[in-house]
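Before any comments, here is the structure.
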Amino acid sequence: MPRRKRTAGSSSDGTADSDDSGDHEKTDSSHSEANQRNNTRLTRASLRLSQSSQDAPPDVKQAAERDESPPRTPTGNAPSSESDIDISSPNASHDESVTKDQKDSGSDPSHRPKRRRFHESYNFNMKCPTPGCNSIGHLTGKHERHFSISGCPLYHNLSADECKVKAIEREKQEEERSQGQNEENRHATRHQAPTQRQVRYKEKVVEMRKRRDSGLTKDQKEKYMEHRQTHGTTREPLLENITSDYDLELFRKAQARAAEDLEKLRLQGQITEGSNMIKTILFGRYELDTWYHSPYPEEYARLGRLYICEFCLKYMKSQTILRRHMAKCVWKHPPGDEVYRKGAISVFEVDGKKNKIYCQNLCLLAKLFLDHKTLYYDVEPFLFYVMTEADNTGCHLVGYFSKEKNSFLNYNVSCILTMPQYMRQGYGKMLIDFSYLLSKVEERVGSPERPLSDLGLISYRSYWKEVLLRYMYNFKGKEISIKEISQETAVNSVDIVSTLQSLQMLKYWKGKHLVLKRQDLIDEWKAKETKRGNNNKTIDPSSLKWTPPKGT
């Protein structure tokens, strides 16, 4: 065997083989001799194995036949429970299954068939947690089996065949949509009004939503209540007739897409749903359902439920530990400097280098609700701006954003999050406005780091639209410049142009780009602003007490 390794190493260099033909002949002869010895050893090993299998009792033979059975599932994930073999050292656990004859024969203990049998036996034992489910089918209609609630057809009140039919329909719709988009893009100009196809589709959607039933009938309510009493939380509630067929179909498509993404992560080994993914967290007065996987330590992640201190962000395993911690925890607000306060709203600047543990815990918490976040432990090059809402018990975490201390691309936000219990209340827009306020103080033009999450993109587009319409409303001149808008609002020119295009306020005419002042959009924004009144969910620049940090 050592001689075989040397010949493989020498043959990897093509120049050495071409220079000396004598060495090449010696290499070939030694290679053939090594192959003969290996074949002899393998023949002896197979002879001993066959003799031992003939001498073995019938029970052992049946167990061996079961080990050699073909795989029952298409996956090959490692076990996740402590009773199974430790996935961190597969070679050590693998060596324990090597028989005495295999060691004497010199065969490789880590050969592939043995590992395949181990994975097959593990997958055979996996089962969907939904009561009464046999793990057949998948919500996406693309897999033969499932092992989680997210992919369970029975949990979603469907059958495996119905999921396959819906998958075929979704593929046909996607093909038709892509073909239509390709034809439109081929003849599209740079700035074009909605096509006839898009207008017809919009009218169709409006008509479908108008036909939505005003409410549930008495029989339907009884049916829904009976379903809920029978199955409880083990099944999804009946969703028919609650909303329009169009919106329900959109929701089903989103469910199938999310199930497909989770299945890909599970096949890649990034998550093991049910044993290595946190489902809920207890955070202050709230119990929050998580959205994504976060790399908490495995001993905490496999619990499925975490208890987190809302002030110091330390995570714990049980309610009792959290209660004891809260009795001793002296933190009532984030560490760092309070750089903004107006009413009950405060913003703290936390240095990732000075408060490393707090910032790491904050990133782990944020990953439970963010899909694209990749920063967990390397927090030293970042500053964290944590927004809180104060009451008589302390400053409660509302959201935060992070930014690089030295950004060469002038990013004013690296990651931004509003906690789920404070979403749709204007706090996200306040965080964005605060980040641009810091850029104005720094006399820079800022932009968020890409890619943005889905909710983050919606929030930023809404903020940019509001900033531009407010600027247009207050603008009294005749000629307007995108550069001037960028300097006054601290919004990047690329973001301004994309927002103007989405509002159809940017046109190309006679070799020039013109910014159109659409009075209808401005009046609509002004009416909403007046209706909103004096809202406290705004940033007051006079309440900021902050100077740009000079060093890192």
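Following the order of the structure tokens, first chain is A, next is B, and so on, with residues numbered from 1 inside each chain and ligands from 1 in the order they appear.
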
Polymer residues at most 12 Å from range 159-162 of chain A, only C-alpha atoms, same-chain spacing of 6 or more positions, as a PDB file with all heavy atoms, in the first residue's frame:
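Okay, out-v1.pdb is ready:
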```
ATOM      1  N   CYS A 133     -49.872  10.236  10.097  1.00  0.00           N
ATOM      2  CA  CYS A 133     -49.206  10.418   8.798  1.00  0.00           C
ATOM      3  C   CYS A 133     -48.182   9.306   8.580  1.00  0.00           C
ATOM      4  O   CYS A 133     -47.454   8.931   9.505  1.00  0.00           O
ATOM      5  CB  CYS A 133     -48.514  11.779   8.736  1.00  0.00           C
ATOM      6  SG  CYS A 133     -47.701  12.107   7.164  1.00  0.00           S
ATOM      7  N   ASN A 134     -48.125   8.785   7.365  1.00  0.00           N
ATOM      8  CA  ASN A 134     -47.182   7.721   7.031  1.00  0.00           C
ATOM      9  C   ASN A 134     -45.943   8.243   6.294  1.00  0.00           C
ATOM     10  O   ASN A 134     -45.192   7.461   5.713  1.00  0.00           O
ATOM     11  CB  ASN A 134     -47.867   6.662   6.178  1.00  0.00           C
ATOM     12  CG  ASN A 134     -48.502   7.240   4.915  1.00  0.00           C
ATOM     13  OD1 ASN A 134     -48.344   8.444   4.645  1.00  0.00           O
ATOM     14  ND2 ASN A 134     -49.213   6.422   4.167  1.00  0.00           N
ATOM     15  N   SER A 135     -45.753   9.570   6.270  1.00  0.00           N
ATOM     16  CA  SER A 135     -44.574  10.228   5.658  1.00  0.00           C
ATOM     17  C   SER A 135     -44.534  10.080   4.141  1.00  0.00           C
ATOM     18  O   SER A 135     -43.500  10.337   3.534  1.00  0.00           O
ATOM     19  CB  SER A 135     -43.264   9.688   6.257  1.00  0.00           C
ATOM     20  OG  SER A 135     -43.196   9.951   7.635  1.00  0.00           O
ATOM     21  N   ILE A 136     -45.638   9.685   3.516  1.00  0.00           N
ATOM     22  CA  ILE A 136     -45.685   9.553   2.065  1.00  0.00           C
ATOM     23  C   ILE A 136     -46.067  10.884   1.443  1.00  0.00           C
ATOM     24  O   ILE A 136     -46.990  11.559   1.912  1.00  0.00           O
ATOM     25  CB  ILE A 136     -46.682   8.455   1.630  1.00  0.00           C
ATOM     26  CG1 ILE A 136     -46.275   7.113   2.230  1.00  0.00           C
ATOM     27  CG2 ILE A 136     -46.758   8.352   0.109  1.00  0.00           C
ATOM     28  CD1 ILE A 136     -44.933   6.606   1.758  1.00  0.00           C
ATOM     29  N   GLY A 137     -45.373  11.267   0.354  1.00  0.00           N
ATOM     30  CA  GLY A 137     -45.680  12.496  -0.358  1.00  0.00           C
ATOM     31  C   GLY A 137     -45.000  13.709   0.250  1.00  0.00           C
ATOM     32  O   GLY A 137     -44.350  13.641   1.300  1.00  0.00           O
ATOM     33  N   HIS A 138     -45.149  14.846  -0.427  1.00  0.00           N
ATOM     34  CA  HIS A 138     -44.552  16.103   0.025  1.00  0.00           C
ATOM     35  C   HIS A 138     -45.425  17.250  -0.455  1.00  0.00           C
ATOM     36  O   HIS A 138     -46.053  17.169  -1.509  1.00  0.00           O
ATOM     37  CB  HIS A 138     -43.128  16.253  -0.510  1.00  0.00           C
ATOM     38  CG  HIS A 138     -42.303  17.260   0.230  1.00  0.00           C
ATOM     39  ND1 HIS A 138     -42.362  18.602  -0.036  1.00  0.00           N
ATOM     40  CD2 HIS A 138     -41.403  17.123   1.243  1.00  0.00           C
ATOM     41  CE1 HIS A 138     -41.527  19.246   0.777  1.00  0.00           C
ATOM     42  NE2 HIS A 138     -40.944  18.382   1.559  1.00  0.00           N
ATOM     43  N   LEU A 139     -45.493  18.325   0.339  1.00  0.00           N
ATOM     44  CA  LEU A 139     -46.338  19.457  -0.004  1.00  0.00           C
ATOM     45  C   LEU A 139     -45.967  20.054  -1.352  1.00  0.00           C
ATOM     46  O   LEU A 139     -46.827  20.559  -2.079  1.00  0.00           O
ATOM     47  CB  LEU A 139     -46.228  20.523   1.094  1.00  0.00           C
ATOM     48  CG  LEU A 139     -47.096  21.769   0.918  1.00  0.00           C
ATOM     49  CD1 LEU A 139     -48.576  21.416   0.956  1.00  0.00           C
ATOM     50  CD2 LEU A 139     -46.786  22.808   1.995  1.00  0.00           C
ATOM     51  N   THR A 140     -44.682  20.017  -1.715  1.00  0.00           N
ATOM     52  CA  THR A 140     -44.250  20.567  -2.996  1.00  0.00           C
ATOM     53  C   THR A 140     -44.622  19.683  -4.170  1.00  0.00           C
ATOM     54  O   THR A 140     -44.594  20.143  -5.315  1.00  0.00           O
ATOM     55  CB  THR A 140     -42.728  20.759  -2.993  1.00  0.00           C
ATOM     56  OG1 THR A 140     -42.084  19.482  -2.793  1.00  0.00           O
ATOM     57  CG2 THR A 140     -42.301  21.691  -1.877  1.00  0.00           C
ATOM     58  N   GLY A 141     -44.950  18.412  -3.918  1.00  0.00           N
ATOM     59  CA  GLY A 141     -45.259  17.491  -5.001  1.00  0.00           C
ATOM     60  C   GLY A 141     -44.043  17.001  -5.743  1.00  0.00           C
ATOM     61  O   GLY A 141     -44.168  16.321  -6.767  1.00  0.00           O
ATOM     62  N   LYS A 142     -42.833  17.301  -5.242  1.00  0.00           N
ATOM     63  CA  LYS A 142     -41.599  16.939  -5.942  1.00  0.00           C
ATOM     64  C   LYS A 142     -40.814  15.840  -5.229  1.00  0.00           C
ATOM     65  O   LYS A 142     -39.803  15.386  -5.752  1.00  0.00           O
ATOM     66  CB  LYS A 142     -40.702  18.180  -6.084  1.00  0.00           C
ATOM     67  CG  LYS A 142     -41.330  19.305  -6.881  1.00  0.00           C
ATOM     68  CD  LYS A 142     -40.398  20.509  -6.947  1.00  0.00           C
ATOM     69  CE  LYS A 142     -41.031  21.652  -7.719  1.00  0.00           C
ATOM     70  NZ  LYS A 142     -40.123  22.839  -7.769  1.00  0.00           N
ATOM     71  N   HIS A 143     -41.250  15.446  -4.049  1.00  0.00           N
ATOM     72  CA  HIS A 143     -40.540  14.436  -3.276  1.00  0.00           C
ATOM     73  C   HIS A 143     -41.508  13.316  -2.900  1.00  0.00           C
ATOM     74  O   HIS A 143     -42.709  13.537  -2.734  1.00  0.00           O
ATOM     75  CB  HIS A 143     -39.924  15.050  -2.013  1.00  0.00           C
ATOM     76  CG  HIS A 143     -39.044  16.235  -2.273  1.00  0.00           C
ATOM     77  ND1 HIS A 143     -37.748  16.116  -2.721  1.00  0.00           N
ATOM     78  CD2 HIS A 143     -39.288  17.564  -2.190  1.00  0.00           C
ATOM     79  CE1 HIS A 143     -37.227  17.311  -2.876  1.00  0.00           C
ATOM     80  NE2 HIS A 143     -38.141  18.216  -2.562  1.00  0.00           N
ATOM     81  N   GLU A 144     -40.961  12.123  -2.776  1.00  0.00           N
ATOM     82  CA  GLU A 144     -41.787  10.965  -2.469  1.00  0.00           C
ATOM     83  C   GLU A 144     -42.091  10.838  -0.986  1.00  0.00           C
ATOM     84  O   GLU A 144     -43.097  10.251  -0.603  1.00  0.00           O
ATOM     85  CB  GLU A 144     -41.092   9.678  -2.959  1.00  0.00           C
ATOM     86  CG  GLU A 144     -40.937   9.599  -4.470  1.00  0.00           C
ATOM     87  CD  GLU A 144     -42.280   9.613  -5.187  1.00  0.00           C
ATOM     88  OE1 GLU A 144     -43.256   9.076  -4.621  1.00  0.00           O
ATOM     89  OE2 GLU A 144     -42.364  10.163  -6.298  1.00  0.00           O
ATOM     90  N   ARG A 145     -41.214  11.378  -0.124  1.00  0.00           N
ATOM     91  CA  ARG A 145     -41.417  11.258   1.313  1.00  0.00           C
ATOM     92  C   ARG A 145     -41.104  12.594   1.987  1.00  0.00           C
ATOM     93  O   ARG A 145     -40.437  13.463   1.407  1.00  0.00           O
ATOM     94  CB  ARG A 145     -40.516  10.154   1.905  1.00  0.00           C
ATOM     95  CG  ARG A 145     -40.847   8.761   1.396  1.00  0.00           C
ATOM     96  CD  ARG A 145     -39.895   7.723   1.997  1.00  0.00           C
ATOM     97  NE  ARG A 145     -40.103   7.559   3.425  1.00  0.00           N
ATOM     98  CZ  ARG A 145     -41.010   6.736   3.952  1.00  0.00           C
ATOM     99  NH1 ARG A 145     -41.805   6.035   3.174  1.00  0.00           N
ATOM    100  NH2 ARG A 145     -41.132   6.619   5.262  1.00  0.00           N
ATOM    101  N   HIS A 146     -41.586  12.742   3.209  1.00  0.00           N
ATOM    102  CA  HIS A 146     -41.314  13.934   4.004  1.00  0.00           C
ATOM    103  C   HIS A 146     -41.119  13.508   5.455  1.00  0.00           C
ATOM    104  O   HIS A 146     -41.561  12.433   5.867  1.00  0.00           O
ATOM    105  CB  HIS A 146     -42.463  14.936   3.904  1.00  0.00           C
ATOM    106  CG  HIS A 146     -43.737  14.450   4.534  1.00  0.00           C
ATOM    107  ND1 HIS A 146     -44.635  13.630   3.874  1.00  0.00           N
ATOM    108  CD2 HIS A 146     -44.246  14.631   5.783  1.00  0.00           C
ATOM    109  CE1 HIS A 146     -45.641  13.340   4.680  1.00  0.00           C
ATOM    110  NE2 HIS A 146     -45.431  13.932   5.844  1.00  0.00           N
ATOM    111  N   GLY A 151     -43.527  20.017   5.273  1.00  0.00           N
ATOM    112  CA  GLY A 151     -43.740  19.317   4.012  1.00  0.00           C
ATOM    113  C   GLY A 151     -44.839  18.275   4.067  1.00  0.00           C
ATOM    114  O   GLY A 151     -44.999  17.495   3.114  1.00  0.00           O
ATOM    115  N   CYS A 152     -45.617  18.236   5.143  1.00  0.00           N
ATOM    116  CA  CYS A 152     -46.627  17.186   5.334  1.00  0.00           C
ATOM    117  C   CYS A 152     -47.923  17.551   4.626  1.00  0.00           C
ATOM    118  O   CYS A 152     -48.564  18.559   4.986  1.00  0.00           O
ATOM    119  CB  CYS A 152     -46.874  16.974   6.827  1.00  0.00           C
ATOM    120  SG  CYS A 152     -48.125  15.731   7.167  1.00  0.00           S
ATOM    121  N   PRO A 153     -48.373  16.777   3.644  1.00  0.00           N
ATOM    122  CA  PRO A 153     -49.670  17.057   3.007  1.00  0.00           C
ATOM    123  C   PRO A 153     -50.838  16.905   3.973  1.00  0.00           C
ATOM    124  O   PRO A 153     -51.802  17.676   3.916  1.00  0.00           O
ATOM    125  CB  PRO A 153     -49.736  16.027   1.868  1.00  0.00           C
ATOM    126  CG  PRO A 153     -48.320  15.601   1.634  1.00  0.00           C
ATOM    127  CD  PRO A 153     -47.666  15.674   2.965  1.00  0.00           C
ATOM    128  N   ILE A 168     -47.832  20.426 -10.699  1.00  0.00           N
ATOM    129  CA  ILE A 168     -47.866  20.493 -12.164  1.00  0.00           C
ATOM    130  C   ILE A 168     -48.522  21.800 -12.616  1.00  0.00           C
ATOM    131  O   ILE A 168     -48.050  22.457 -13.552  1.00  0.00           O
ATOM    132  CB  ILE A 168     -48.622  19.272 -12.724  1.00  0.00           C
ATOM    133  CG1 ILE A 168     -47.841  17.989 -12.402  1.00  0.00           C
ATOM    134  CG2 ILE A 168     -48.828  19.406 -14.227  1.00  0.00           C
ATOM    135  CD1 ILE A 168     -48.581  16.721 -12.759  1.00  0.00           C
ATOM    136  N   GLU A 169     -49.610  22.206 -11.940  1.00  0.00           N
ATOM    137  CA  GLU A 169     -50.273  23.463 -12.299  1.00  0.00           C
ATOM    138  C   GLU A 169     -49.355  24.661 -12.066  1.00  0.00           C
ATOM    139  O   GLU A 169     -49.311  25.584 -12.890  1.00  0.00           O
ATOM    140  CB  GLU A 169     -51.559  23.612 -11.478  1.00  0.00           C
ATOM    141  CG  GLU A 169     -52.634  22.581 -11.826  1.00  0.00           C
ATOM    142  CD  GLU A 169     -53.854  22.715 -10.920  1.00  0.00           C
ATOM    143  OE1 GLU A 169     -53.795  23.547  -9.985  1.00  0.00           O
ATOM    144  OE2 GLU A 169     -54.849  21.996 -11.151  1.00  0.00           O
TER     145      GLU A 169
END
```

_Selected residue of minimal separation from Phe382 in chain A among A:Phe369, A:Tyr463, A:Phe401, A:Phe147, counting only C-alpha atoms_ = A:Phe401

_d(CA of Gln196 in chain A, CA of Leu516 in chain A) in Å_ =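 It comes out at 23.4 Å.
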
*asked:* If we count only C-alpha atoms and set the cut-off at 9 Å, which residues sit around Met472 in chain A, ignoring sequence neighbours fewer than 5 positions away in its own chain? Please answer as a list in words.
replied: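 With the cut-off at 9 Å, the set is Val467, Lys517, Arg518 and Ile522 of chain A.
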
_Taking the DSSP secondary structure from the backbone, can you list the residues of range 471-550 of chain A that are alpha helix (DSSP H), as an MDAnalysis selection string?_
chainID A and resid 471:474 482:489 493:502 519:532

*Do a neighbour search on Thr290 in chain A at 6 Å with only C-alpha atoms, toss out local chain neighbours closer than 3 positions, and write the hits as a count of residues only.*
3

Give me every strand (DSSP E or B) residue in range 340-548 of chain A, going by DSSP on the backbone, as an mmCIF file with N, CA and C atoms, in the first residue's frame.
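Writing done, so here's selection.cif:
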```cif
data_model
loop_
_atom_site.group_PDB
_atom_site.id
_atom_site.type_symbol
_atom_site.label_atom_id
_atom_site.label_comp_id
_atom_site.auth_asym_id
_atom_site.auth_seq_id
_atom_site.Cartn_x
_atom_site.Cartn_y
_atom_site.Cartn_z
ATOM 1 N N TYR A 340 -29.615 58.903 21.447
ATOM 2 C CA TYR A 340 -30.889 59.529 21.027
ATOM 3 C C TYR A 340 -31.956 59.195 22.060
ATOM 4 N N ARG A 341 -32.755 60.208 22.405
ATOM 5 C CA ARG A 341 -33.914 59.972 23.274
ATOM 6 C C ARG A 341 -34.969 61.029 22.986
ATOM 7 N N LYS A 342 -36.172 60.516 22.737
ATOM 8 C CA LYS A 342 -37.343 61.390 22.605
ATOM 9 C C LYS A 342 -38.545 60.626 23.120
ATOM 10 N N ILE A 345 -38.741 56.531 23.390
ATOM 11 C CA ILE A 345 -37.863 55.917 22.398
ATOM 12 C C ILE A 345 -36.421 56.351 22.631
ATOM 13 N N SER A 346 -35.533 55.373 22.711
ATOM 14 C CA SER A 346 -34.101 55.651 22.856
ATOM 15 C C SER A 346 -33.329 54.793 21.871
ATOM 16 N N VAL A 347 -32.137 55.270 21.502
ATOM 17 C CA VAL A 347 -31.225 54.520 20.642
ATOM 18 C C VAL A 347 -29.863 54.485 21.336
ATOM 19 N N PHE A 348 -29.316 53.282 21.456
ATOM 20 C CA PHE A 348 -28.002 53.076 22.091
ATOM 21 C C PHE A 348 -26.991 52.650 21.028
ATOM 22 N N GLU A 349 -25.812 53.249 21.094
ATOM 23 C CA GLU A 349 -24.715 52.863 20.208
ATOM 24 C C GLU A 349 -23.833 51.856 20.952
ATOM 25 N N VAL A 350 -23.760 50.631 20.410
ATOM 26 C CA VAL A 350 -23.018 49.549 21.050
ATOM 27 C C VAL A 350 -21.854 49.163 20.141
ATOM 28 N N ASP A 351 -20.646 49.202 20.682
ATOM 29 C CA ASP A 351 -19.451 48.827 19.928
ATOM 30 C C ASP A 351 -19.262 47.318 19.999
ATOM 31 N N PHE A 382 -18.002 46.222 13.661
ATOM 32 C CA PHE A 382 -19.315 46.823 13.462
ATOM 33 C C PHE A 382 -19.753 47.621 14.688
ATOM 34 N N LEU A 383 -20.586 48.620 14.415
ATOM 35 C CA LEU A 383 -21.314 49.357 15.438
ATOM 36 C C LEU A 383 -22.786 48.959 15.355
ATOM 37 N N PHE A 384 -23.411 48.784 16.502
ATOM 38 C CA PHE A 384 -24.808 48.377 16.565
ATOM 39 C C PHE A 384 -25.613 49.505 17.204
ATOM 40 N N TYR A 385 -26.689 49.883 16.516
ATOM 41 C CA TYR A 385 -27.571 50.927 17.024
ATOM 42 C C TYR A 385 -28.897 50.271 17.401
ATOM 43 N N VAL A 386 -29.128 50.163 18.716
ATOM 44 C CA VAL A 386 -30.242 49.402 19.266
ATOM 45 C C VAL A 386 -31.332 50.370 19.716
ATOM 46 N N MET A 387 -32.532 50.214 19.140
ATOM 47 C CA MET A 387 -33.668 51.061 19.501
ATOM 48 C C MET A 387 -34.494 50.360 20.580
ATOM 49 N N THR A 388 -34.886 51.115 21.600
ATOM 50 C CA THR A 388 -35.657 50.556 22.709
ATOM 51 C C THR A 388 -36.859 51.439 23.009
ATOM 52 N N GLU A 389 -37.815 50.832 23.688
ATOM 53 C CA GLU A 389 -38.985 51.564 24.191
ATOM 54 C C GLU A 389 -39.029 51.375 25.704
ATOM 55 N N ALA A 390 -39.054 52.470 26.446
ATOM 56 C CA ALA A 390 -38.897 52.409 27.901
ATOM 57 C C ALA A 390 -40.254 52.421 28.600
ATOM 58 N N ASP A 391 -40.318 51.699 29.715
ATOM 59 C CA ASP A 391 -41.432 51.778 30.650
ATOM 60 C C ASP A 391 -40.867 51.638 32.062
ATOM 61 N N GLY A 394 -37.994 48.848 32.375
ATOM 62 C CA GLY A 394 -36.723 48.930 31.665
ATOM 63 C C GLY A 394 -36.921 49.324 30.213
ATOM 64 N N CYS A 395 -35.839 49.255 29.452
ATOM 65 C CA CYS A 395 -35.842 49.589 28.018
ATOM 66 C C CYS A 395 -35.968 48.293 27.221
ATOM 67 N N HIS A 396 -37.085 48.125 26.545
ATOM 68 C CA HIS A 396 -37.382 46.894 25.824
ATOM 69 C C HIS A 396 -36.904 46.999 24.371
ATOM 70 N N LEU A 397 -36.292 45.932 23.888
ATOM 71 C CA LEU A 397 -35.714 45.910 22.544
ATOM 72 C C LEU A 397 -36.810 46.002 21.486
ATOM 73 N N VAL A 398 -36.710 47.014 20.633
ATOM 74 C CA VAL A 398 -37.653 47.210 19.523
ATOM 75 C C VAL A 398 -37.044 46.720 18.215
ATOM 76 N N GLY A 399 -35.797 47.051 17.988
ATOM 77 C CA GLY A 399 -35.102 46.666 16.766
ATOM 78 C C GLY A 399 -33.688 47.209 16.799
ATOM 79 N N TYR A 400 -32.963 46.970 15.730
ATOM 80 C CA TYR A 400 -31.589 47.469 15.676
ATOM 81 C C TYR A 400 -31.128 47.485 14.226
ATOM 82 N N PHE A 401 -30.052 48.199 13.981
ATOM 83 C CA PHE A 401 -29.319 48.041 12.721
ATOM 84 C C PHE A 401 -27.832 48.141 13.029
ATOM 85 N N SER A 402 -27.040 47.500 12.207
ATOM 86 C CA SER A 402 -25.587 47.518 12.356
ATOM 87 C C SER A 402 -24.966 48.178 11.134
ATOM 88 N N LYS A 403 -23.793 48.753 11.331
ATOM 89 C CA LYS A 403 -23.065 49.365 10.221
ATOM 90 C C LYS A 403 -21.573 49.178 10.461
ATOM 91 N N GLU A 404 -20.840 49.102 9.373
ATOM 92 C CA GLU A 404 -19.391 48.957 9.474
ATOM 93 C C GLU A 404 -18.759 50.247 9.983
ATOM 94 N N TYR A 411 -21.780 52.106 2.841
ATOM 95 C CA TYR A 411 -22.989 51.468 3.351
ATOM 96 C C TYR A 411 -23.292 52.044 4.726
ATOM 97 N N ASN A 412 -24.516 52.532 4.911
ATOM 98 C CA ASN A 412 -24.887 53.043 6.225
ATOM 99 C C ASN A 412 -25.659 52.017 7.050
ATOM 100 N N VAL A 413 -25.993 50.863 6.468
ATOM 101 C CA VAL A 413 -26.657 49.772 7.176
ATOM 102 C C VAL A 413 -26.110 48.453 6.644
ATOM 103 N N CYS A 415 -27.070 45.411 8.484
ATOM 104 C CA CYS A 415 -28.168 44.500 8.830
ATOM 105 C C CYS A 415 -29.184 45.294 9.643
ATOM 106 N N ILE A 416 -30.462 45.081 9.377
ATOM 107 C CA ILE A 416 -31.508 45.821 10.067
ATOM 108 C C ILE A 416 -32.645 44.869 10.402
ATOM 109 N N LEU A 417 -33.203 45.033 11.597
ATOM 110 C CA LEU A 417 -34.285 44.156 12.054
ATOM 111 C C LEU A 417 -35.208 44.913 12.988
ATOM 112 N N THR A 418 -36.508 44.709 12.782
ATOM 113 C CA THR A 418 -37.524 45.107 13.750
ATOM 114 C C THR A 418 -38.095 43.844 14.357
ATOM 115 N N GLY A 446 -25.513 57.599 1.863
ATOM 116 C CA GLY A 446 -25.526 56.203 2.307
ATOM 117 C C GLY A 446 -26.498 55.347 1.537
ATOM 118 N N SER A 447 -26.308 54.040 1.706
ATOM 119 C CA SER A 447 -27.180 53.049 1.070
ATOM 120 C C SER A 447 -27.082 51.758 1.870
ATOM 121 N N PRO A 448 -28.160 50.972 1.956
ATOM 122 C CA PRO A 448 -28.086 49.705 2.704
ATOM 123 C C PRO A 448 -27.297 48.653 1.941
ATOM 124 N N VAL A 491 -29.634 60.019 0.430
ATOM 125 C CA VAL A 491 -30.005 58.780 -0.250
ATOM 126 C C VAL A 491 -29.154 58.633 -1.496
ATOM 127 N N LEU A 506 -39.739 59.238 -14.027
ATOM 128 C CA LEU A 506 -38.509 59.454 -14.784
ATOM 129 C C LEU A 506 -38.752 59.044 -16.229
ATOM 130 N N LYS A 507 -38.596 59.981 -17.146
ATOM 131 C CA LYS A 507 -38.854 59.734 -18.558
ATOM 132 C C LYS A 507 -37.638 60.142 -19.392
ATOM 133 N N TYR A 508 -37.501 59.460 -20.524
ATOM 134 C CA TYR A 508 -36.417 59.773 -21.470
ATOM 135 C C TYR A 508 -37.040 60.471 -22.673
ATOM 136 N N TRP A 509 -36.612 61.740 -22.933
ATOM 137 C CA TRP A 509 -37.241 62.527 -23.997
ATOM 138 C C TRP A 509 -36.193 63.402 -24.654
ATOM 139 N N LYS A 512 -32.633 63.265 -23.278
ATOM 140 C CA LYS A 512 -32.432 63.666 -21.895
ATOM 141 C C LYS A 512 -33.383 62.897 -20.984
ATOM 142 N N HIS A 513 -32.952 62.728 -19.747
ATOM 143 C CA HIS A 513 -33.808 62.146 -18.733
ATOM 144 C C HIS A 513 -34.499 63.271 -17.973
ATOM 145 N N LEU A 514 -35.813 63.206 -17.917
ATOM 146 C CA LEU A 514 -36.604 64.237 -17.273
ATOM 147 C C LEU A 514 -37.290 63.660 -16.042
ATOM 148 N N VAL A 515 -37.306 64.440 -14.953
ATOM 149 C CA VAL A 515 -38.022 64.062 -13.739
ATOM 150 C C VAL A 515 -39.380 64.749 -13.775
ATOM 151 N N LEU A 544 -30.856 64.110 18.705
ATOM 152 C CA LEU A 544 -29.647 63.298 18.505
ATOM 153 C C LEU A 544 -28.457 63.951 19.187
#
```

*Tell me which protein, DNA and RNA residues are within 10 Å of Ser148 in chain A, counting only C-alpha atoms, leaving out same-chain ones fewer than 2 positions away, and put them as a list in words.*
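My reading of the contact set: Met126, Lys127, Cys128, Pro129, Thr130, Ser135, His138, Arg145, His146, Ser150, Gly151, Cys152, Tyr155, Ala259, Leu262, Glu263, Arg266, Thr272, Glu273 and Gly274 of chain A.
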
*At what distance in Å, to one decimal, does CA of Trp331 in chain A lie from CA of Arg285 in chain A?*
16.5 Å

_Closest of A:Arg177, A:Lys356, A:Arg470, A:Arg323 to Asp523 in chain A - atom-to-atom distances counting only C-alpha atoms_ =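 Smallest separation from Asp523 in chain A among the options: A:Arg470.
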